[in-house]
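Visitor: Compact mmCIF, C-alpha atoms and all ligand atoms, saved as upload_11.txt, coming up:
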# COMPACT_ATOMS: atom_id res chain seq x y z
CA MET A 12 0.00 0.00 0.00
CA THR A 13 2.76 2.42 1.01
CA GLN A 14 6.36 1.96 2.13
CA THR A 15 5.22 1.48 5.72
CA VAL A 16 1.63 0.27 5.50
CA SER A 17 0.81 -3.28 4.42
CA TRP A 18 -2.30 -5.42 4.06
CA VAL A 19 -2.02 -8.56 6.19
CA GLY A 20 -5.62 -9.83 6.00
CA LYS A 21 -7.34 -12.91 4.61
CA VAL A 22 -9.19 -13.43 1.32
CA ASP A 23 -12.14 -15.78 1.98
CA TRP A 24 -13.09 -17.09 -1.46
CA ASP A 25 -15.41 -19.75 -0.09
CA LEU A 26 -17.64 -17.58 2.10
CA LEU A 27 -21.22 -18.02 0.91
CA ARG A 28 -23.12 -16.86 3.98
CA PHE A 29 -22.23 -14.19 6.52
CA HIS A 30 -23.69 -13.08 9.85
CA GLY A 31 -24.55 -16.70 10.57
CA ASP A 32 -26.81 -17.58 7.68
CA GLU A 33 -28.36 -14.13 7.29
CA TYR A 34 -26.36 -12.44 4.54
CA SER A 35 -25.53 -14.02 1.20
CA THR A 36 -21.98 -13.45 -0.01
CA HIS A 37 -22.07 -14.75 -3.58
CA LYS A 38 -18.61 -13.37 -4.26
CA GLY A 39 -16.90 -14.27 -0.99
CA SER A 40 -15.28 -11.61 1.16
CA THR A 41 -12.04 -10.45 2.70
CA TYR A 42 -11.12 -9.65 6.29
CA ASN A 43 -8.72 -6.76 5.95
CA SER A 44 -6.04 -6.24 8.56
CA TYR A 45 -3.25 -3.73 8.22
CA VAL A 46 0.17 -3.31 9.75
CA VAL A 47 1.80 0.10 10.03
CA GLU A 48 5.58 -0.02 10.47
CA GLU A 49 6.90 3.39 11.42
CA GLU A 50 9.04 3.90 14.52
CA LYS A 51 6.15 2.11 16.18
CA THR A 52 4.60 -1.01 14.68
CA VAL A 53 0.84 -1.17 14.94
CA LEU A 54 -1.71 -3.72 13.80
CA ILE A 55 -5.16 -2.45 12.77
CA ASP A 56 -7.90 -5.05 13.19
CA THR A 57 -7.50 -8.80 12.68
CA VAL A 58 -9.48 -11.54 10.88
CA TRP A 59 -12.37 -13.93 11.52
CA LYS A 60 -11.73 -16.66 14.06
CA PRO A 61 -11.48 -19.64 11.63
CA TYR A 62 -8.40 -17.95 10.14
CA SER A 63 -6.95 -16.84 13.46
CA LYS A 64 -4.07 -19.30 13.77
CA GLU A 65 -3.07 -18.84 10.14
CA PHE A 66 -3.15 -15.08 10.63
CA VAL A 67 -1.02 -15.00 13.78
CA ASP A 68 1.40 -17.59 12.35
CA ASN A 69 1.84 -15.37 9.29
CA LEU A 70 2.57 -12.35 11.49
CA GLU A 71 5.22 -14.42 13.26
CA THR A 72 6.72 -15.77 10.02
CA GLU A 73 6.93 -12.25 8.59
CA GLY A 74 8.73 -11.05 11.74
CA ILE A 75 5.90 -8.70 12.68
CA LEU A 76 4.41 -10.34 15.76
CA GLY A 77 7.34 -9.82 18.15
CA GLY A 78 7.80 -6.19 17.12
CA LEU A 79 4.19 -5.07 17.54
CA ASP A 80 3.74 -2.10 19.85
CA ALA A 81 -0.05 -2.00 19.77
CA VAL A 82 -3.18 -3.38 18.18
CA ILE A 83 -6.07 -1.12 17.23
CA ALA A 84 -9.41 -2.91 17.61
CA GLN A 85 -11.74 -0.66 15.64
CA HIS A 86 -14.76 -2.97 16.04
CA ALA A 87 -15.47 -6.06 18.12
CA GLU A 88 -17.57 -8.06 15.68
CA SER A 89 -15.76 -11.36 15.37
CA ASP A 90 -14.92 -11.09 11.68
CA HIS A 91 -12.40 -8.42 12.76
CA SER A 92 -11.60 -9.30 16.36
CA GLY A 93 -11.57 -13.07 15.91
CA ALA A 94 -7.78 -13.40 16.02
CA LEU A 95 -7.31 -11.24 19.12
CA PRO A 96 -7.40 -14.19 21.56
CA ASP A 97 -4.63 -16.04 19.67
CA LEU A 98 -2.67 -12.85 19.12
CA LEU A 99 -2.86 -11.77 22.74
CA ALA A 100 -2.13 -15.28 24.01
CA ARG A 101 1.26 -14.92 22.31
CA ARG A 102 1.65 -11.19 23.16
CA PRO A 103 -0.30 -10.76 26.43
CA ASP A 104 1.24 -7.38 27.20
CA LEU A 105 0.19 -5.79 23.92
CA PRO A 106 -1.96 -2.64 24.37
CA VAL A 107 -5.39 -2.92 22.73
CA TYR A 108 -6.69 0.49 21.62
CA CYS A 109 -10.46 0.69 21.28
CA SER A 110 -13.44 2.91 22.04
CA THR A 111 -15.24 2.84 25.40
CA ASN A 112 -17.94 0.71 23.83
CA GLY A 113 -15.21 -1.44 22.31
CA ILE A 114 -14.14 -2.63 25.74
CA LYS A 115 -17.72 -3.61 26.53
CA SER A 116 -18.18 -5.61 23.36
CA LEU A 117 -14.67 -7.14 23.37
CA LYS A 118 -15.14 -8.26 26.97
CA GLY A 119 -18.63 -9.42 26.06
CA HIS A 120 -17.20 -11.61 23.34
CA TYR A 121 -13.99 -12.89 24.87
CA HIS A 122 -14.30 -12.33 28.65
CA LYS A 123 -10.66 -11.27 28.95
CA ASP A 124 -9.01 -8.38 30.77
CA TRP A 125 -6.59 -7.45 28.06
CA ASN A 126 -4.38 -4.35 28.28
CA PHE A 127 -7.13 -2.05 27.03
CA LYS A 128 -6.44 1.59 26.18
CA VAL A 129 -9.61 3.61 25.68
CA VAL A 130 -9.58 6.27 22.99
CA LYS A 131 -12.15 8.81 21.90
CA THR A 132 -12.52 11.11 18.90
CA GLY A 133 -9.45 13.29 18.47
CA ASP A 134 -7.11 11.13 20.56
CA GLU A 135 -3.84 10.31 18.85
CA TYR A 136 -1.31 7.50 18.76
CA ASP A 137 2.19 8.69 17.91
CA LEU A 138 3.67 6.39 15.28
CA GLY A 139 7.00 8.25 15.15
CA ASN A 140 8.60 9.62 11.99
CA GLY A 141 6.27 12.61 12.33
CA LYS A 142 3.15 10.53 11.74
CA LYS A 143 0.26 9.63 13.98
CA LEU A 144 -3.03 7.79 14.06
CA VAL A 145 -6.00 9.98 14.93
CA PHE A 146 -9.07 8.13 16.21
CA ILE A 147 -12.63 8.99 15.19
CA GLU A 148 -15.48 7.26 16.99
CA ALA A 149 -18.22 6.19 14.58
CA PRO A 150 -20.96 4.79 16.80
CA MET A 151 -23.61 2.76 14.97
CA LEU A 152 -21.58 2.59 11.79
CA HIS A 153 -22.57 -0.07 12.41
CA TRP A 154 -22.08 -1.06 16.08
CA PRO A 155 -21.80 1.19 19.13
CA ASP A 156 -18.08 0.43 19.32
CA SER A 157 -17.17 1.18 15.69
CA MET A 158 -14.38 3.66 15.10
CA PHE A 159 -12.12 4.90 12.31
CA SER A 160 -8.40 5.66 12.46
CA TYR A 161 -6.79 8.31 10.27
CA MET A 162 -3.07 8.08 9.54
CA THR A 163 -1.46 11.45 9.00
CA GLY A 164 1.31 11.81 6.43
CA ASP A 165 0.18 8.87 4.32
CA ALA A 166 -3.39 10.21 4.57
CA ILE A 167 -5.08 6.83 4.96
CA LEU A 168 -8.51 6.53 6.54
CA PHE A 169 -8.91 3.08 8.11
CA SER A 170 -12.70 2.93 8.10
CA ASN A 171 -13.42 -0.60 9.30
CA ASP A 172 -16.82 -1.81 7.97
CA ALA A 173 -17.83 1.55 6.52
CA PHE A 174 -17.34 1.76 2.73
CA GLY A 175 -16.64 -1.99 2.58
CA GLN A 176 -18.18 -4.72 0.49
CA HIS A 177 -18.21 -8.51 0.44
CA LEU A 178 -15.97 -9.14 -2.54
CA ALA A 179 -13.14 -11.67 -2.53
CA THR A 180 -10.24 -10.46 -4.63
CA GLU A 181 -6.48 -10.55 -4.66
CA LYS A 182 -6.45 -7.23 -6.52
CA LEU A 183 -6.58 -5.16 -3.33
CA TYR A 184 -7.56 -1.82 -4.95
CA ASN A 185 -10.86 -0.42 -6.23
CA ASP A 186 -9.50 0.49 -9.67
CA LEU A 187 -8.36 -3.09 -10.37
CA VAL A 188 -11.72 -4.87 -10.06
CA ASP A 189 -14.85 -4.96 -12.20
CA GLN A 190 -16.69 -1.74 -11.34
CA ASP A 191 -20.21 -3.17 -11.77
CA GLU A 192 -19.42 -6.08 -9.44
CA LEU A 193 -17.85 -3.68 -6.96
CA TYR A 194 -20.81 -1.31 -6.81
CA ASP A 195 -23.35 -4.16 -6.76
CA GLU A 196 -21.67 -5.43 -3.60
CA CYS A 197 -21.30 -1.93 -2.11
CA ILE A 198 -24.99 -1.09 -2.42
CA LYS A 199 -26.02 -4.55 -1.17
CA TYR A 200 -23.80 -4.05 1.88
CA TYR A 201 -25.25 -0.60 2.55
CA ALA A 202 -28.85 -1.73 1.99
CA ASN A 203 -28.64 -4.81 4.20
CA ILE A 204 -26.42 -3.48 7.01
CA LEU A 205 -26.34 0.29 7.16
CA THR A 206 -29.85 1.39 6.13
CA PRO A 207 -31.19 1.60 9.73
CA PHE A 208 -28.34 3.94 10.66
CA SER A 209 -28.56 6.27 7.67
CA THR A 210 -29.11 9.40 9.76
CA LEU A 211 -25.89 8.68 11.67
CA VAL A 212 -24.05 7.77 8.44
CA LYS A 213 -24.91 11.17 6.97
CA ALA A 214 -23.93 13.07 10.12
CA LYS A 215 -20.61 11.22 10.49
CA ILE A 216 -19.67 11.73 6.84
CA GLU A 217 -20.47 15.43 7.05
CA GLN A 218 -18.37 15.67 10.22
CA VAL A 219 -15.39 13.93 8.60
CA LEU A 220 -15.71 15.93 5.36
CA SER A 221 -15.79 19.17 7.38
CA LEU A 222 -12.32 18.36 8.72
CA LYS A 223 -11.06 18.73 5.13
CA LEU A 224 -8.45 16.06 5.70
CA PRO A 225 -6.50 14.88 2.69
CA VAL A 226 -7.42 11.25 1.96
CA ASN A 227 -5.19 9.23 -0.32
CA MET A 228 -6.79 5.91 0.54
CA ILE A 229 -9.78 4.54 2.40
CA ALA A 230 -8.77 1.19 3.83
CA THR A 231 -11.93 -0.71 4.72
CA SER A 232 -12.20 -4.00 6.57
CA HIS A 233 -13.97 -5.88 3.72
CA GLY A 234 -13.18 -5.94 0.03
CA VAL A 235 -11.08 -3.42 -1.84
CA ILE A 236 -9.06 -0.45 -0.66
CA TRP A 237 -10.28 2.78 -2.26
CA ARG A 238 -7.21 4.47 -3.75
CA ASP A 239 -8.58 5.75 -7.07
CA ASN A 240 -10.78 8.75 -6.24
CA PRO A 241 -11.45 7.40 -2.74
CA THR A 242 -14.12 9.97 -1.97
CA GLN A 243 -16.35 8.44 -4.66
CA ILE A 244 -17.62 5.89 -2.14
CA VAL A 245 -18.05 8.55 0.55
CA LEU A 246 -20.26 10.57 -1.79
CA LYS A 247 -22.20 7.42 -2.68
CA TYR A 248 -22.80 6.79 1.03
CA LEU A 249 -24.06 10.36 1.40
CA GLU A 250 -26.51 9.73 -1.46
CA TRP A 251 -27.60 6.36 -0.07
CA SER A 252 -28.09 7.77 3.43
CA GLN A 253 -30.76 10.25 2.32
CA ASP A 254 -33.92 8.19 1.69
CA TYR A 255 -32.37 6.78 -1.46
CA LYS A 256 -34.64 5.67 -4.28
CA GLU A 257 -34.55 5.18 -8.02
CA ASP A 258 -37.40 5.14 -10.53
CA ARG A 259 -37.87 1.46 -9.71
CA VAL A 260 -40.68 -0.72 -8.36
CA THR A 261 -39.98 -4.06 -6.73
CA ILE A 262 -42.64 -6.76 -6.47
CA LEU A 263 -41.90 -9.39 -3.82
CA TYR A 264 -44.23 -12.33 -3.44
CA ASP A 265 -44.60 -16.03 -2.83
CA THR A 266 -47.20 -18.36 -4.25
CA MET A 267 -48.74 -21.78 -3.50
CA TRP A 268 -50.65 -22.73 -6.65
CA GLU A 269 -49.52 -19.97 -9.00
CA GLY A 270 -52.49 -17.63 -8.32
CA THR A 271 -50.47 -14.96 -6.52
CA ARG A 272 -47.72 -15.41 -9.12
CA ALA A 273 -50.25 -14.64 -11.87
CA LEU A 274 -51.20 -11.47 -9.99
CA ALA A 275 -47.51 -10.50 -9.61
CA ASP A 276 -46.85 -10.99 -13.32
CA THR A 277 -49.94 -8.98 -14.23
CA LEU A 278 -48.99 -6.15 -11.87
CA ALA A 279 -45.47 -6.02 -13.36
CA LEU A 280 -46.95 -5.74 -16.85
CA ALA A 281 -49.44 -3.07 -15.80
CA ILE A 282 -46.86 -0.88 -14.06
CA ASN A 283 -44.54 -1.16 -17.03
CA ASP A 284 -47.37 -0.23 -19.41
CA ALA A 285 -48.42 2.71 -17.27
CA SER A 286 -44.90 3.99 -16.65
CA PRO A 287 -42.46 2.67 -19.29
CA ALA A 288 -39.52 4.59 -17.82
CA THR A 289 -39.89 2.82 -14.48
CA THR A 290 -37.80 -0.29 -13.90
CA VAL A 291 -40.02 -3.08 -12.59
CA ILE A 292 -38.44 -6.02 -10.77
CA SER A 293 -40.35 -9.08 -9.54
CA HIS A 294 -38.97 -11.77 -7.25
CA CYS A 295 -40.55 -14.94 -5.90
CA LEU A 296 -39.18 -14.82 -2.35
CA SER A 297 -39.07 -18.57 -1.75
CA LYS A 298 -36.75 -18.91 -4.73
CA PHE A 299 -34.82 -15.65 -4.86
CA ASP A 300 -31.98 -14.54 -2.58
CA LYS A 301 -33.50 -12.41 0.17
CA ASN A 302 -30.56 -10.04 0.56
CA ASP A 303 -30.61 -9.29 -3.16
CA ALA A 304 -34.37 -8.75 -2.89
CA LEU A 305 -33.82 -6.31 -0.01
CA THR A 306 -31.25 -4.48 -2.12
CA ASP A 307 -33.95 -4.02 -4.74
CA VAL A 308 -36.28 -2.67 -2.05
CA PHE A 309 -33.56 -0.18 -1.08
CA ARG A 310 -33.28 0.98 -4.68
CA SER A 311 -37.04 1.27 -5.21
CA LYS A 312 -39.46 4.16 -4.80
CA ALA A 313 -42.26 1.67 -4.11
CA ILE A 314 -42.82 -2.00 -3.42
CA LEU A 315 -45.69 -4.43 -3.82
CA LEU A 316 -45.79 -7.38 -1.47
CA GLY A 317 -47.80 -10.48 -2.32
CA SER A 318 -48.89 -13.60 -0.48
CA PRO A 319 -51.89 -15.87 -0.55
CA THR A 320 -53.67 -16.33 2.75
CA VAL A 321 -52.53 -19.54 4.42
CA GLY A 322 -54.45 -20.49 7.54
CA LYS A 323 -54.82 -17.05 9.06
CA GLY A 324 -51.50 -15.71 7.88
CA LEU A 325 -48.81 -15.40 5.19
CA LEU A 326 -46.41 -17.72 3.46
CA THR A 327 -43.24 -17.88 5.55
CA ALA A 328 -40.88 -16.41 2.93
CA VAL A 329 -43.04 -13.28 2.81
CA ALA A 330 -43.43 -13.13 6.61
CA GLY A 331 -39.66 -13.41 7.06
CA THR A 332 -39.00 -10.68 4.52
CA LEU A 333 -41.50 -8.41 6.26
CA GLU A 334 -39.54 -8.91 9.48
CA GLU A 335 -36.31 -7.92 7.70
CA ILE A 336 -38.02 -4.93 6.13
CA LYS A 337 -39.15 -3.81 9.57
CA GLY A 338 -35.62 -4.09 10.97
CA LEU A 339 -34.03 -2.17 8.12
CA ALA A 340 -36.32 0.84 8.69
CA PHE A 341 -36.49 2.03 5.09
CA LYS A 342 -37.69 5.60 4.69
CA GLY A 343 -39.45 7.56 1.96
CA LYS A 344 -40.95 4.59 0.12
CA LYS A 345 -44.51 3.73 -0.90
CA ALA A 346 -46.09 0.30 -0.78
CA ALA A 347 -49.14 -1.85 -1.26
CA ALA A 348 -50.01 -5.55 -0.97
CA PHE A 349 -51.82 -8.20 -2.96
CA GLY A 350 -52.70 -11.88 -2.83
CA THR A 351 -55.17 -14.64 -3.50
CA TYR A 352 -57.41 -16.31 -0.94
CA GLY A 353 -60.08 -18.98 -0.67
CA TRP A 354 -62.25 -17.90 2.25
CA SER A 355 -61.13 -15.58 5.09
CA GLY A 356 -58.34 -13.75 3.20
CA GLU A 357 -56.41 -12.00 5.99
CA ALA A 358 -53.03 -11.89 4.25
CA VAL A 359 -53.33 -8.58 2.42
CA LYS A 360 -54.41 -6.71 5.55
CA ILE A 361 -51.58 -8.30 7.56
CA MET A 362 -49.06 -7.15 4.97
CA VAL A 363 -50.56 -3.66 4.68
CA ASP A 364 -50.52 -3.20 8.47
CA SER A 365 -46.95 -4.45 8.74
CA LEU A 366 -45.71 -2.23 5.91
CA ALA A 367 -47.34 0.81 7.52
CA LYS A 368 -45.73 0.00 10.87
CA SER A 369 -42.39 -0.40 9.10
CA GLY A 370 -42.49 3.18 7.83
CA PHE A 371 -43.85 2.73 4.30
CA GLU A 372 -46.52 5.02 2.95
CA VAL A 373 -49.19 2.46 2.10
CA VAL A 374 -51.11 3.87 -0.85
CA ASP A 375 -54.36 1.87 -0.52
CA GLU A 376 -55.96 -1.22 1.02
CA GLY A 377 -54.36 -3.58 -1.51
CA PHE A 378 -55.67 -6.03 -4.08
CA ARG A 379 -57.23 -9.44 -3.39
CA ALA A 380 -58.46 -12.14 -5.77
CA MET A 381 -60.51 -15.14 -4.69
CA TRP A 382 -59.31 -18.63 -5.61
CA ASN A 383 -57.29 -18.85 -8.80
CA PRO A 384 -57.62 -15.55 -10.67
CA ASP A 385 -59.80 -15.81 -13.78
CA GLU A 386 -59.75 -13.46 -16.73
CA ASP A 387 -61.87 -10.86 -14.92
CA ALA A 388 -59.67 -11.00 -11.82
CA LEU A 389 -56.52 -10.56 -13.91
CA LYS A 390 -58.13 -7.64 -15.70
CA ALA A 391 -58.92 -6.08 -12.32
CA ALA A 392 -55.32 -6.73 -11.20
CA TYR A 393 -54.06 -5.01 -14.34
CA GLU A 394 -56.21 -1.95 -13.63
CA TYR A 395 -55.03 -2.00 -10.01
CA GLY A 396 -51.40 -2.07 -11.21
CA ARG A 397 -51.96 0.92 -13.49
CA ALA A 398 -53.61 2.82 -10.65
CA PHE A 399 -50.73 1.91 -8.33
CA ALA A 400 -48.25 3.27 -10.88
CA ALA A 401 -50.14 6.56 -10.87
CA LYS A 402 -49.94 6.83 -7.06
CA ILE A 403 -46.19 6.36 -6.62
FE1 LIG A 501 -17.31 -6.70 9.30
FE2 LIG A 501 -19.34 -5.39 11.71
O1 LIG A 501 -18.14 -6.58 10.96
In structure tokens, write the structure found in this file.

Guide:
Amino acid sequence: MTQTVSWVGKVDWDLLRFHGDEYSTHKGSTYNSYVVEEEKTVLIDTVWKPYSKEFVDNLETEGILGGLDAVIAQHAESDHSGALPDLLARRPDLPVYCSTNGIKSLKGHYHKDWNFKVVKTGDEYDLGNGKKLVFIEAPMLHWPDSMFSYMTGDAILFSNDAFGQHLATEKLYNDLVDQDELYDECIKYYANILTPFSTLVKAKIEQVLSLKLPVNMIATSHGVIWRDNPTQIVLKYLEWSQDYKEDRVTILYDTMWEGTRALADTLALAINDASPATTVISHCLSKFDKNDALTDVFRSKAILLGSPTVGKGLLTAVAGTLEEIKGLAFKGKKAAAFGTYGWSGEAVKIMVDSLAKSGFEVVDEGFRAMWNPDEDALKAAYEYGRAFAAKI
């Protein structure tokens, strides 16, 4: 990266699921760790626990481990702190710099009284050679303990999870990878992880930009390092943090006997006919990746949610997605619901109520069709779709 800053992380090509089983990582990921070797030698973050021994062994083989003066633990989630127990077992005296909340979460994870050094925004670590690390707390980007570290001289912002993406690559830098793949993973990461904290994202970015610090690189903890026009991703985050939407409608549904699917297909056709410039996306939730579906919700100005009534409720893929939608706290989006039913038909009202409680502007009471939709029902669905397009 520079004469004194090196990447010492792990590329995880095989990672298919992250956060337990919650987040799909079709393109793997990386756990980025950095070593700064000035007069002082400092490690910034580590790797996920399965790669802990390999990571610490590598530090030893490279002659880094014994010379470390400190480790900066910017965030306690175990994909970055997972090698601390092995590292500190071999270097028990090593100071661990973290935020006040970092101690709480590191102790909560590992139950160890390591040599913690608490830092807050503006505190500095003197690296020698006229350079220092300046710490910037970044609470809820995306945990209470999260913080950034800014290296003066080399002008590198170590941003931990912020500005990262789940993309396995040996290329290291943003300008060396496929740009469409890169931005697909960036927006998915923002949509699925950072959306609930958008107000704080905006405020923190504005605070950091107001410092007018030179930034040659943004060194994240996942995926590529931003060295080519690094502020491009900061400006994207600013855009995404402000009730982001495109001229796009996403239809999310599940179906038992193809009735609700027929409604979904008809609605997609109707919205496209009524508003040809609008991109219409439709996903069957029991078959499509839910994190990619949620990314489409993030990009949309409006969504339509569909489920037949089953018993007194919804199909589980739709119910689960509604729970995720609630947790992500999307703002500034419109919605409606649809579905087939045989007798009581509660599903549409359940979806409408849940969408309203989740912060969507629900435009009407939704559309229901009894049993398998016939020609008249599909015609009514088509008219409903055109009317929906006019309301959003
Ligand atoms: Fe990449 Fe919040 O951990």

Visitor: Using all atoms listed in the file, pick whichever of A:Asp124, A:Asp387, A:Glu372, A:Glu49 has the shortest atom-to-atom distance to Ala100 of chain A.

Guide: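 Using all atoms listed in the file, the shortest distance to Ala100 of chain A belongs to A:Asp124.
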
Visitor: Within 8 Å of Ile262 of chain A, counting all atoms listed in the file, which residues show up once you throw out same-chain ones fewer than 4 positions away? Write them as a PyMOL selection string, please.

Guide: chain A and resi 275+279+291-294+314-317

Visitor: Using all atoms listed in the file, what are the residues with an atom within 9 Å of ligand LIG 501 (chain A), set out as a ChimeraX atom specification?

Guide: /A:30,42,86-92,152-154,157,171-173,175,204,232-233

Visitor: The selected residues should be written to file as an mmCIF file, in the frame of the given file (atoms: C-alpha atoms).

Guide:
data_model
loop_
_atom_site.group_PDB
_atom_site.id
_atom_site.type_symbol
_atom_site.label_atom_id
_atom_site.label_comp_id
_atom_site.auth_asym_id
_atom_site.auth_seq_id
_atom_site.Cartn_x
_atom_site.Cartn_y
_atom_site.Cartn_z
ATOM 1 C CA HIS A 30 -23.690 -13.080 9.850
ATOM 2 C CA TYR A 42 -11.120 -9.650 6.290
ATOM 3 C CA HIS A 86 -14.760 -2.970 16.040
ATOM 4 C CA ALA A 87 -15.470 -6.060 18.120
ATOM 5 C CA GLU A 88 -17.570 -8.060 15.680
ATOM 6 C CA SER A 89 -15.760 -11.360 15.370
ATOM 7 C CA ASP A 90 -14.920 -11.090 11.680
ATOM 8 C CA HIS A 91 -12.400 -8.420 12.760
ATOM 9 C CA SER A 92 -11.600 -9.300 16.360
ATOM 10 C CA LEU A 152 -21.580 2.590 11.790
ATOM 11 C CA HIS A 153 -22.570 -0.070 12.410
ATOM 12 C CA TRP A 154 -22.080 -1.060 16.080
ATOM 13 C CA SER A 157 -17.170 1.180 15.690
ATOM 14 C CA ASN A 171 -13.420 -0.600 9.300
ATOM 15 C CA ASP A 172 -16.820 -1.810 7.970
ATOM 16 C CA ALA A 173 -17.830 1.550 6.520
ATOM 17 C CA GLY A 175 -16.640 -1.990 2.580
ATOM 18 C CA ILE A 204 -26.420 -3.480 7.010
ATOM 19 C CA SER A 232 -12.200 -4.000 6.570
ATOM 20 C CA HIS A 233 -13.970 -5.880 3.720
#

Visitor: Quick one, how far is atom CA of Phe146 of chain A from atom CA of Lys123 of chain A?

Guide: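 These two atoms are separated by 23.3 Å.
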
Visitor: Rounded to one decimal in Å, what is the spacing between atom CA of Ala330 of chain A and atom CA of Lys345 of chain A?

Guide: 18.5 Å

Visitor: Tell me which of A:Val188, A:Leu389, A:Val130, A:Leu333 sits closest to Ala281 of chain A, counting all atoms listed in the file.

Guide: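 Selected residue with least distance to Ala281 of chain A: A:Leu389.
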
Visitor: Could you list, as a PyMOL selection string, every residue within 9 Å of Gly356 of chain A, counting all atoms listed in the file and ignoring same-chain residues fewer than 4 positions away?

Guide: chain A and resi 319-324+350-352+360+379+381

Visitor: Any chance you can output those residues with C-alpha atoms as a PDB file, keeping the file's coordinate frame?

Guide:
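Final file, out_9.pdb:
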ATOM      1  CA  PRO A 319     -51.890 -15.870  -0.550  1.00  0.00           C
ATOM      2  CA  THR A 320     -53.670 -16.330   2.750  1.00  0.00           C
ATOM      3  CA  VAL A 321     -52.530 -19.540   4.420  1.00  0.00           C
ATOM      4  CA  GLY A 322     -54.450 -20.490   7.540  1.00  0.00           C
ATOM      5  CA  LYS A 323     -54.820 -17.050   9.060  1.00  0.00           C
ATOM      6  CA  GLY A 324     -51.500 -15.710   7.880  1.00  0.00           C
ATOM      7  CA  GLY A 350     -52.700 -11.880  -2.830  1.00  0.00           C
ATOM      8  CA  THR A 351     -55.170 -14.640  -3.500  1.00  0.00           C
ATOM      9  CA  TYR A 352     -57.410 -16.310  -0.940  1.00  0.00           C
ATOM     10  CA  LYS A 360     -54.410  -6.710   5.550  1.00  0.00           C
ATOM     11  CA  ARG A 379     -57.230  -9.440  -3.390  1.00  0.00           C
ATOM     12  CA  MET A 381     -60.510 -15.140  -4.690  1.00  0.00           C
TER      13      MET A 381
END

Visitor: Where atoms are missing, can you supply N, CA and C atoms for segment 220-234 of chain A and output the lot as a CSV table (one decimal), keeping the file's coordinate frame?

Guide:
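The file below, selection_1.csv, is the result:
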chain,number,residue,atom,x,y,z
A,220,LEU,N,-16.0,15.1,6.5
A,220,LEU,CA,-15.7,15.9,5.4
A,220,LEU,C,-15.4,17.4,5.8
A,221,SER,N,-16.0,17.8,6.9
A,221,SER,CA,-15.8,19.2,7.4
A,221,SER,C,-14.4,19.4,7.9
A,222,LEU,N,-13.7,18.3,8.2
A,222,LEU,CA,-12.3,18.4,8.7
A,222,LEU,C,-11.4,18.7,7.6
A,223,LYS,N,-11.8,18.5,6.3
A,223,LYS,CA,-11.1,18.7,5.1
A,223,LYS,C,-9.7,18.0,5.2
A,224,LEU,N,-9.7,16.8,5.7
A,224,LEU,CA,-8.4,16.1,5.7
A,224,LEU,C,-8.1,15.5,4.3
A,225,PRO,N,-6.8,15.6,3.9
A,225,PRO,CA,-6.5,14.9,2.7
A,225,PRO,C,-6.7,13.4,2.9
A,226,VAL,N,-7.2,12.7,1.9
A,226,VAL,CA,-7.4,11.2,2.0
A,226,VAL,C,-6.9,10.6,0.7
A,227,ASN,N,-5.8,9.9,0.8
A,227,ASN,CA,-5.2,9.2,-0.3
A,227,ASN,C,-5.8,7.9,-0.5
A,228,MET,N,-6.2,7.2,0.6
A,228,MET,CA,-6.8,5.9,0.5
A,228,MET,C,-7.8,5.8,1.7
A,229,ILE,N,-8.9,5.0,1.3
A,229,ILE,CA,-9.8,4.5,2.4
A,229,ILE,C,-9.6,3.0,2.5
A,230,ALA,N,-9.1,2.6,3.6
A,230,ALA,CA,-8.8,1.2,3.8
A,230,ALA,C,-9.9,0.6,4.7
A,231,THR,N,-10.8,-0.1,4.0
A,231,THR,CA,-11.9,-0.7,4.7
A,231,THR,C,-11.5,-2.1,5.3
A,232,SER,N,-12.5,-2.7,6.0
A,232,SER,CA,-12.2,-4.0,6.6
A,232,SER,C,-12.8,-5.1,5.7
A,233,HIS,N,-13.5,-4.8,4.6
A,233,HIS,CA,-14.0,-5.9,3.7
A,233,HIS,C,-13.8,-5.4,2.3
A,234,GLY,N,-13.2,-6.3,1.5
A,234,GLY,CA,-13.2,-5.9,0.0
A,234,GLY,C,-12.0,-5.1,-0.3
